[in-house]
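To be precise, the following lines are upload_24.cif, and they hold mmCIF, C-alpha atoms.
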```cif
data_run
#
loop_
_atom_site.label_atom_id
_atom_site.label_comp_id
_atom_site.auth_asym_id
_atom_site.auth_seq_id
_atom_site.Cartn_x
_atom_site.Cartn_y
_atom_site.Cartn_z
CA MET A 895 69.09 115.88 83.69
CA ARG A 896 70.18 113.10 81.34
CA HIS A 897 68.01 109.99 81.05
CA ARG A 898 70.87 107.84 79.76
CA PRO A 899 74.40 107.43 81.09
CA ARG A 900 77.29 109.11 79.30
CA GLY A 901 78.30 107.26 76.15
CA ASP A 902 81.76 108.72 75.60
CA SER A 903 85.07 107.00 76.37
CA ARG A 904 86.73 110.09 77.81
CA GLY A 905 89.59 109.21 80.14
CA ILE A 906 89.88 105.60 78.92
CA LEU A 907 93.13 104.97 77.08
CA ASP A 908 92.64 102.69 74.06
CA PRO A 909 88.92 102.15 74.68
CA GLY A 910 88.62 99.88 71.65
CA ARG A 911 90.97 97.34 73.13
CA MET A 912 89.26 97.55 76.52
CA LEU A 913 85.89 96.73 74.95
CA ARG A 914 87.45 93.72 73.22
CA GLU A 915 88.96 92.38 76.44
CA VAL A 916 86.24 93.01 79.04
CA ARG A 917 82.49 93.55 79.24
CA PHE A 918 81.95 97.19 80.21
CA ARG A 919 78.67 99.06 80.67
CA ARG A 920 77.17 102.02 82.50
CA HIS A 921 73.79 102.38 84.21
CA LEU A 922 72.04 105.32 85.84
CA PRO A 923 71.17 105.22 89.55
CA VAL A 924 67.69 105.65 90.91
CA GLU A 925 66.32 109.15 90.17
CA SER A 926 66.76 110.45 93.73
CA LEU A 927 70.54 109.86 93.59
CA ARG A 928 71.21 111.49 90.23
CA PRO A 929 71.95 114.98 91.59
CA TRP A 930 75.11 113.47 93.12
CA VAL A 931 75.86 110.28 91.19
CA GLU A 932 77.00 110.37 87.55
CA HIS A 933 76.49 106.66 86.84
CA TYR A 934 77.28 103.12 87.89
CA TRP A 935 79.94 101.30 85.88
CA LEU A 936 80.18 97.53 85.70
CA ILE A 937 83.01 95.39 84.34
CA ASP A 938 83.18 91.59 83.99
CA TRP A 939 86.15 89.69 82.59
CA ALA A 940 87.32 86.18 81.75
CA LEU A 941 90.87 86.45 80.42
CA SER A 942 93.34 83.89 79.16
CA THR A 943 96.22 86.38 79.43
CA PRO A 944 96.69 89.42 81.72
CA PHE A 945 95.24 92.70 80.51
CA GLU A 946 96.40 96.12 81.64
CA GLN A 947 93.99 99.06 81.44
CA ARG A 948 95.09 102.68 81.84
CA ILE A 949 92.78 105.53 82.83
CA VAL A 950 93.28 109.30 82.89
CA PRO A 951 91.08 109.91 85.95
CA HIS A 952 88.14 112.29 86.02
CA PRO A 953 87.97 114.85 88.86
CA ALA A 954 85.51 112.54 90.57
CA VAL A 955 85.34 110.23 93.58
CA ASN A 956 84.45 106.59 92.93
CA VAL A 957 83.20 103.88 95.29
CA VAL A 958 84.37 100.53 93.93
CA PHE A 959 83.48 96.92 94.74
CA ARG A 960 85.63 94.15 93.27
CA ARG A 961 85.60 90.37 93.28
CA ASP A 962 88.36 88.26 91.69
CA GLY A 963 87.33 84.72 90.75
CA ASP A 964 85.71 83.01 93.72
CA GLY A 965 87.47 85.25 96.21
CA PRO A 966 85.85 87.64 98.67
CA GLU A 967 84.38 90.96 97.58
CA PHE A 968 85.96 94.14 98.90
CA GLY A 969 84.95 97.77 98.67
CA GLU A 970 86.97 100.98 98.66
CA VAL A 971 86.63 104.71 98.19
CA ALA A 972 88.86 106.07 95.43
CA GLY A 973 89.51 109.78 95.73
CA VAL A 974 90.32 111.98 92.74
CA GLY A 975 93.42 110.54 91.11
CA ARG A 976 96.02 113.04 89.98
CA ASP A 977 98.16 110.49 88.13
CA LEU A 978 97.55 107.87 85.46
CA PHE A 979 95.65 104.91 86.92
CA ARG A 980 96.84 101.45 85.86
CA ILE A 981 95.25 98.13 86.69
CA THR A 982 96.12 94.63 85.48
CA LEU A 983 93.27 92.13 85.32
CA THR A 984 93.80 88.37 85.25
CA GLY A 985 91.60 85.29 85.23
CA THR A 986 87.97 86.07 85.98
CA GLY A 987 86.37 88.80 88.02
CA ARG A 988 83.83 91.55 88.40
CA VAL A 989 83.93 95.21 89.37
CA CYS A 990 80.95 97.40 90.29
CA GLY A 991 81.69 101.09 90.62
CA VAL A 992 79.88 104.31 91.48
CA GLN A 993 81.21 107.43 89.77
CA PHE A 994 80.01 110.50 91.64
CA ARG A 995 79.62 113.85 89.97
CA PRO A 996 82.54 116.14 90.77
CA GLY A 997 81.41 117.72 94.02
CA GLY A 998 78.72 115.11 94.59
CA PHE A 999 80.47 112.84 97.09
CA HIS A 1000 80.53 115.53 99.77
CA ALA A 1001 76.82 114.92 100.48
CA PHE A 1002 77.73 111.35 101.50
CA TRP A 1003 81.20 111.92 103.03
CA ARG A 1004 80.30 115.11 104.92
CA ARG A 1005 83.95 116.08 105.27
CA PRO A 1006 86.41 117.87 102.97
CA VAL A 1007 86.78 115.67 99.90
CA THR A 1008 90.38 116.82 99.49
CA GLU A 1009 91.33 114.40 102.30
CA LEU A 1010 90.68 111.58 99.81
CA THR A 1011 92.57 113.07 96.86
CA GLY A 1012 95.19 110.68 95.50
CA ARG A 1013 94.12 107.96 97.95
CA ARG A 1014 92.20 104.69 97.85
CA VAL A 1015 90.84 103.71 101.26
CA PRO A 1016 88.81 100.66 102.36
CA LEU A 1017 85.12 101.36 102.59
CA PRO A 1018 84.35 101.77 106.31
CA ALA A 1019 82.34 98.84 107.66
CA GLY A 1020 79.72 101.25 108.96
CA ARG A 1021 79.06 102.38 105.41
CA LEU A 1022 77.97 98.91 104.27
CA ALA A 1023 74.33 97.83 104.28
CA GLY A 1024 75.12 94.85 106.54
CA PRO A 1025 77.80 92.24 107.26
CA ASP A 1026 76.70 90.08 104.31
CA PHE A 1027 76.26 92.97 101.87
CA ALA A 1028 77.58 92.11 98.38
CA VAL A 1029 77.25 93.74 94.97
CA CYS A 1030 79.26 91.81 92.40
CA ALA A 1031 77.65 88.35 92.42
CA ALA A 1032 74.38 89.25 90.70
CA THR A 1033 72.73 90.41 87.47
CA ASP A 1034 73.13 94.01 86.30
CA ASP A 1035 69.70 94.98 87.64
CA GLU A 1036 70.45 93.38 91.00
CA ARG A 1037 73.83 95.07 91.23
CA CYS A 1038 72.33 98.47 90.48
CA HIS A 1039 69.55 97.88 93.01
CA ALA A 1040 72.15 96.95 95.65
CA LEU A 1041 74.08 100.16 94.94
CA ASP A 1042 70.85 102.22 95.04
CA THR A 1043 70.04 100.69 98.41
CA LEU A 1044 73.53 101.28 99.76
CA LEU A 1045 73.76 104.93 98.73
CA THR A 1046 70.20 105.80 99.72
CA GLY A 1047 70.96 104.32 103.15
CA TRP A 1048 73.79 106.82 103.57
CA ASP A 1049 71.14 109.58 103.71
CA PRO A 1050 72.83 112.16 101.47
CA GLU A 1051 72.06 115.63 102.73
CA PRO A 1052 70.92 118.34 100.29
CA ASP A 1053 73.43 121.17 100.41
CA PRO A 1054 73.14 124.31 98.24
CA THR A 1055 76.92 124.75 98.29
CA ALA A 1056 77.45 121.19 97.05
CA GLU A 1057 74.89 121.82 94.32
CA GLU A 1058 76.86 124.92 93.32
CA ALA A 1059 80.11 122.91 93.16
CA VAL A 1060 78.48 120.23 91.00
CA ARG A 1061 77.02 122.85 88.67
CA LEU A 1062 80.33 124.70 88.28
CA ALA A 1063 82.33 121.52 87.64
CA GLU A 1064 79.79 120.46 85.01
CA ALA A 1065 80.12 123.89 83.37
CA ILE A 1066 83.88 123.37 83.07
CA ARG A 1067 83.42 119.93 81.55
CA THR A 1068 80.89 120.98 78.94
CA ASP A 1069 82.22 124.42 77.93
CA ARG A 1070 85.38 124.10 75.85
CA ALA A 1071 85.84 127.87 76.09
CA THR A 1072 86.69 127.50 79.80
CA LEU A 1073 90.46 127.79 79.81
CA ARG A 1074 91.34 130.15 82.68
CA VAL A 1075 90.25 130.22 86.31
CA ASP A 1076 89.97 133.99 86.52
CA ASP A 1077 87.79 134.20 83.41
CA PHE A 1078 85.57 131.37 84.64
CA ALA A 1079 85.19 132.96 88.08
CA ALA A 1080 84.27 136.32 86.57
CA ARG A 1081 81.73 134.69 84.24
CA HIS A 1082 80.02 133.13 87.27
CA ASP A 1083 80.38 136.24 89.44
CA LEU A 1084 82.62 134.52 92.01
CA PRO A 1085 85.83 135.69 93.67
CA VAL A 1086 88.71 133.43 92.58
CA ARG A 1087 89.62 132.55 96.16
CA ARG A 1088 86.09 131.45 96.98
CA LEU A 1089 86.02 129.31 93.83
CA GLN A 1090 89.30 127.69 94.84
CA ARG A 1091 88.10 126.95 98.39
CA LEU A 1092 84.81 125.59 97.08
CA PHE A 1093 86.53 123.14 94.72
CA LEU A 1094 89.05 121.93 97.29
CA GLU A 1095 86.31 121.30 99.86
CA TYR A 1096 83.74 119.70 97.58
CA VAL A 1097 85.56 118.39 94.48
CA GLY A 1098 88.92 117.53 96.05
CA VAL A 1099 91.13 119.46 93.60
CA GLY A 1100 91.34 123.10 92.54
CA PRO A 1101 89.51 124.60 89.56
CA LYS A 1102 92.73 125.05 87.54
CA TRP A 1103 93.41 121.31 87.83
CA VAL A 1104 89.83 120.48 86.79
CA ILE A 1105 90.05 122.74 83.73
CA ARG A 1106 93.37 121.25 82.66
CA ARG A 1107 92.24 117.66 83.24
CA TYR A 1108 89.06 118.01 81.18
CA ARG A 1109 90.91 119.71 78.34
CA LEU A 1110 93.60 117.01 78.45
CA GLN A 1111 90.95 114.30 78.28
CA GLU A 1112 89.66 116.01 75.14
CA ALA A 1113 93.15 115.76 73.66
CA VAL A 1114 93.32 112.04 74.48
CA GLU A 1115 89.91 111.45 72.92
CA GLN A 1116 90.77 113.39 69.78
CA ALA A 1117 94.14 111.66 69.43
CA ALA A 1118 92.32 108.35 69.10
CA GLY A 1119 89.99 109.71 66.45
CA GLY A 1120 92.34 110.45 63.57
CA PRO A 1121 95.16 112.72 62.34
CA LEU A 1122 95.43 116.04 64.17
CA ASN A 1123 97.17 119.36 63.87
CA TRP A 1124 98.68 119.34 67.36
CA ALA A 1125 99.57 123.04 67.34
CA ASP A 1126 95.96 124.00 66.56
CA LEU A 1127 94.63 121.60 69.20
CA ALA A 1128 97.02 123.03 71.80
CA ALA A 1129 95.72 126.53 71.08
CA ASP A 1130 92.10 125.37 71.21
CA LEU A 1131 92.66 123.77 74.61
CA GLY A 1132 94.35 126.81 76.13
CA TYR A 1133 97.97 125.63 76.09
CA SER A 1134 100.71 128.19 75.51
CA ASP A 1135 102.15 126.11 72.68
CA GLN A 1136 102.31 122.58 71.27
CA ALA A 1137 105.27 121.64 73.45
CA HIS A 1138 103.26 122.44 76.59
CA LEU A 1139 100.44 120.13 75.47
CA VAL A 1140 102.92 117.37 74.63
CA ARG A 1141 104.53 117.64 78.08
CA ASP A 1142 101.19 117.51 79.90
CA PHE A 1143 99.87 114.69 77.74
CA THR A 1144 103.03 112.61 78.19
CA ALA A 1145 103.18 113.23 81.95
CA VAL A 1146 99.58 112.08 82.48
CA ALA A 1147 99.09 109.43 79.77
CA GLY A 1148 102.58 107.94 80.01
CA VAL A 1149 103.25 108.28 76.26
CA SER A 1150 103.53 111.17 73.84
CA PRO A 1151 100.43 112.21 71.88
CA ALA A 1152 101.91 110.93 68.62
CA ALA A 1153 102.88 107.58 70.15
CA TYR A 1154 99.43 107.18 71.68
CA ALA A 1155 97.72 108.04 68.39
CA ARG A 1156 99.80 105.40 66.58
CA SER A 1157 99.11 102.75 69.22
CA VAL A 1158 95.30 103.04 69.04
CA ARG A 1159 95.20 102.93 65.24
#
```
Final structure tokens representation of the file:
Amino acid sequence: MRHRPRGDSRGILDPGRMLREVRFRRHLPVESLRPWVEHYWLIDWALSTPFEQRIVPHPAVNVVFRRDGDGPEFGEVAGVGRDLFRITLTGTGRVCGVQFRPGGFHAFWRRPVTELTGRRVPLPAGRLAGPDFAVCAATDDERCHALDTLLTGWDPEPDPTAEEAVRLAEAIRTDRATLRVDDFAARHDLPVRRLQRLFLEYVGVGPKWVIRRYRLQEAVEQAAGGPLNWADLAADLGYSDQAHLVRDFTAVAGVSPAAYARSVR
């Protein structure tokens, strides 16, 4: 288990600009929540002009609290997003988010996570710690403590099947050799259909989608890092050819790989 939150910028389009425009940081939850929760992410901003941020979503559920200026705080559950996420920030504000591990939200939701896929729904009032519960108007330590208290109060239930889903999704993320569902299922001694049902129930999307999304996020990250041989990268990431990678990249990121690489340099 990691003792520090992830330090990569995977999924964030033009992370350099984001870090210039807003204050972004990650924190780990209390130890007891780490089997299910990847990290907390906090953003504060004070902008003179509007700023649009684009994200290629992870196969993960997020619980998000947001406060704009002196307005009220609101919370929502964001299911796995299939499409590019865009948000425009203006003025001042704060966001406090919980990124769950793929498969981890099921212990809190206790229903098929696929019902949230592609949706953002208001956080049910019964899921809050009380009528005056707030996260955003505090220091980092106080925000994290409030999120720890909230999630612990949901009484997540240990579930060996959820643990299996989390472990398998993590294996896809960390093993670049994972390119095909049938090969991955065989390597883990699982029937393909059971693997598909497991991911839909606990992660919210199928294993093929998870594989493709993680490999595409690698392409986005590498495109920002310097000149690339796109044909070689396409082969490394399991695409049939360079054109296939370009189509996928453009469909999800909104620009071609070459155009994105030029824009971040």
Fill in: Spatial neighbours of stretch 902-911 of chain A, max dist 8 Å, all atoms listed in the file, sep filter under 6 positions, as a PyMOL selection string
chain A and resi 947-952+1111-1112+1114-1115+1118+1147+1158
Write the residues of the preceding selection, restricted to C-alpha atoms, as a PDB file, keeping the file's coordinate frame.
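See out-v7.pdb below for the written result:
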```
ATOM      1  CA  GLN A 947      93.990  99.060  81.440  1.00  0.00           C
ATOM      2  CA  ARG A 948      95.090 102.680  81.840  1.00  0.00           C
ATOM      3  CA  ILE A 949      92.780 105.530  82.830  1.00  0.00           C
ATOM      4  CA  VAL A 950      93.280 109.300  82.890  1.00  0.00           C
ATOM      5  CA  PRO A 951      91.080 109.910  85.950  1.00  0.00           C
ATOM      6  CA  HIS A 952      88.140 112.290  86.020  1.00  0.00           C
ATOM      7  CA  GLN A1111      90.950 114.300  78.280  1.00  0.00           C
ATOM      8  CA  GLU A1112      89.660 116.010  75.140  1.00  0.00           C
ATOM      9  CA  VAL A1114      93.320 112.040  74.480  1.00  0.00           C
ATOM     10  CA  GLU A1115      89.910 111.450  72.920  1.00  0.00           C
ATOM     11  CA  ALA A1118      92.320 108.350  69.100  1.00  0.00           C
ATOM     12  CA  ALA A1147      99.090 109.430  79.770  1.00  0.00           C
ATOM     13  CA  VAL A1158      95.300 103.040  69.040  1.00  0.00           C
TER      14      VAL A1158
END
```
*Residues at most 8 Å from A:Leu1110, counting all atoms listed in the file, excluding those fewer than 5 positions away in the same chain, as a ChimeraX atom specification?*
/A:1131,1142-1143
Selected residues, C-alpha atoms, written as a PDB file, keeping the file's coordinate frame, please.
```
ATOM      1  CA  LEU A1131      92.660 123.770  74.610  1.00  0.00           C
ATOM      2  CA  ASP A1142     101.190 117.510  79.900  1.00  0.00           C
ATOM      3  CA  PHE A1143      99.870 114.690  77.740  1.00  0.00           C
TER       4      PHE A1143
END
```
**OP:** Could you expand the PyMOL selection byres ((chain A and resi 931) around 7) into the explicit residues it covers here, written as a list of chain:residue names?
**Re:** A:Leu927, A:Arg928, A:Pro929, A:Trp930, A:Glu932, A:His933, A:Gln993, A:Phe994, A:Arg995, A:Gly998
Write out the residues from the selection above, keeping C-alpha atoms, as a CSV table (one decimal), keeping the file's coordinate frame.
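Once everything was written out, this is out_15.csv:
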```
chain,number,residue,atom,x,y,z
A,927,LEU,CA,70.5,109.9,93.6
A,928,ARG,CA,71.2,111.5,90.2
A,929,PRO,CA,72.0,115.0,91.6
A,930,TRP,CA,75.1,113.5,93.1
A,932,GLU,CA,77.0,110.4,87.6
A,933,HIS,CA,76.5,106.7,86.8
A,993,GLN,CA,81.2,107.4,89.8
A,994,PHE,CA,80.0,110.5,91.6
A,995,ARG,CA,79.6,113.8,90.0
A,998,GLY,CA,78.7,115.1,94.6
```
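Each of A:Gly1047, A:Gly1012, A:Pro1006, A:Gly997 was compared to A:Glu1095 using only C-alpha atoms, and A:Pro1006 turns out to be the nearest.
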Atom CA of A:Val1007 to atom CA of A:Lys1102 measures 16.6 Å
Identify which of the residues A:Ala1113, A:Leu936, A:Leu941, A:Leu1041 lies closest to A:Leu1139, counting only C-alpha atoms when measuring atom-to-atom distances.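 That would be A:Ala1113, the residue with the smallest distance to A:Leu1139.
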TODO: Using the chain letters and numbers from the file, give me the residues hit by the PyMOL selection byres ((chain A and resi 1082) around 12), as a PyMOL selection string.
DONE: chain A and resi 1058-1059+1061-1063+1065-1066+1072+1075-1081+1083-1086+1088-1089
ask   = For this file, the PyMOL selection byres ((chain A and resi 1011) around 9) selects which residues, as number ranges by chain?
value = A: 955, 972-976, 1007-1010, 1012-1014, 1098-1099
Save the residues we just selected, C-alpha atoms, as a tab-separated table (two decimals), in the coordinates of the input?
```tsv
chain	number	residue	atom	x	y	z
A	955	VAL	CA	85.34	110.23	93.58
A	972	ALA	CA	88.86	106.07	95.43
A	973	GLY	CA	89.51	109.78	95.73
A	974	VAL	CA	90.32	111.98	92.74
A	975	GLY	CA	93.42	110.54	91.11
A	976	ARG	CA	96.02	113.04	89.98
A	1007	VAL	CA	86.78	115.67	99.90
A	1008	THR	CA	90.38	116.82	99.49
A	1009	GLU	CA	91.33	114.40	102.30
A	1010	LEU	CA	90.68	111.58	99.81
A	1012	GLY	CA	95.19	110.68	95.50
A	1013	ARG	CA	94.12	107.96	97.95
A	1014	ARG	CA	92.20	104.69	97.85
A	1098	GLY	CA	88.92	117.53	96.05
A	1099	VAL	CA	91.13	119.46	93.60
```
Contacts of A:Ala1031 within 9 Å, all atoms listed in the file, excl. fewer than 4 positions in-chain, as a tab-separated table (two decimals) with C-alpha atoms, keeping the file's coordinate frame:
```tsv
chain	number	residue	atom	x	y	z
A	961	ARG	CA	85.60	90.37	93.28
A	967	GLU	CA	84.38	90.96	97.58
A	988	ARG	CA	83.83	91.55	88.40
A	1036	GLU	CA	70.45	93.38	91.00
A	1037	ARG	CA	73.83	95.07	91.23
```
Set the distance at 12 Å and use only C-alpha atoms: which residues neighbour A:Ala1028 once local chain neighbours fewer than 5 positions away are removed? I'd like the list as a PyMOL selection string. chain A and resi 958-961+966-969+988-990+1022-1023+1036-1041+1043-1044
The distance between atom CA of A:Gly1119 and atom CA of A:Val1140 is 17.1 Å
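We find atom CA of A:Gly1132 and atom CA of A:Tyr1096 to be spaced 25.0 Å apart.
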- prompt: Taking all atoms listed in the file into account, which of A:Cys1030, A:Phe918, A:Trp935, A:Asp1053 comes nearest A:Gly963?
  reply: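 Answer, going by the shortest atom-to-atom distance: A:Cys1030.
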Near-A:Gln1136 list (10 Å; all atoms listed in the file; drop same-chain fewer than 3 positions) as a ChimeraX atom specification = /A:1123-1129,1133,1139-1141
Those same residues, written as a PDB file, in the coordinates of the input with C-alpha atoms?
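Output file out_32.pdb is given in full below:
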```
ATOM      1  CA  ASN A1123      97.170 119.360  63.870  1.00  0.00           C
ATOM      2  CA  TRP A1124      98.680 119.340  67.360  1.00  0.00           C
ATOM      3  CA  ALA A1125      99.570 123.040  67.340  1.00  0.00           C
ATOM      4  CA  ASP A1126      95.960 124.000  66.560  1.00  0.00           C
ATOM      5  CA  LEU A1127      94.630 121.600  69.200  1.00  0.00           C
ATOM      6  CA  ALA A1128      97.020 123.030  71.800  1.00  0.00           C
ATOM      7  CA  ALA A1129      95.720 126.530  71.080  1.00  0.00           C
ATOM      8  CA  TYR A1133      97.970 125.630  76.090  1.00  0.00           C
ATOM      9  CA  LEU A1139     100.440 120.130  75.470  1.00  0.00           C
ATOM     10  CA  VAL A1140     102.920 117.370  74.630  1.00  0.00           C
ATOM     11  CA  ARG A1141     104.530 117.640  78.080  1.00  0.00           C
TER      12      ARG A1141
END
```
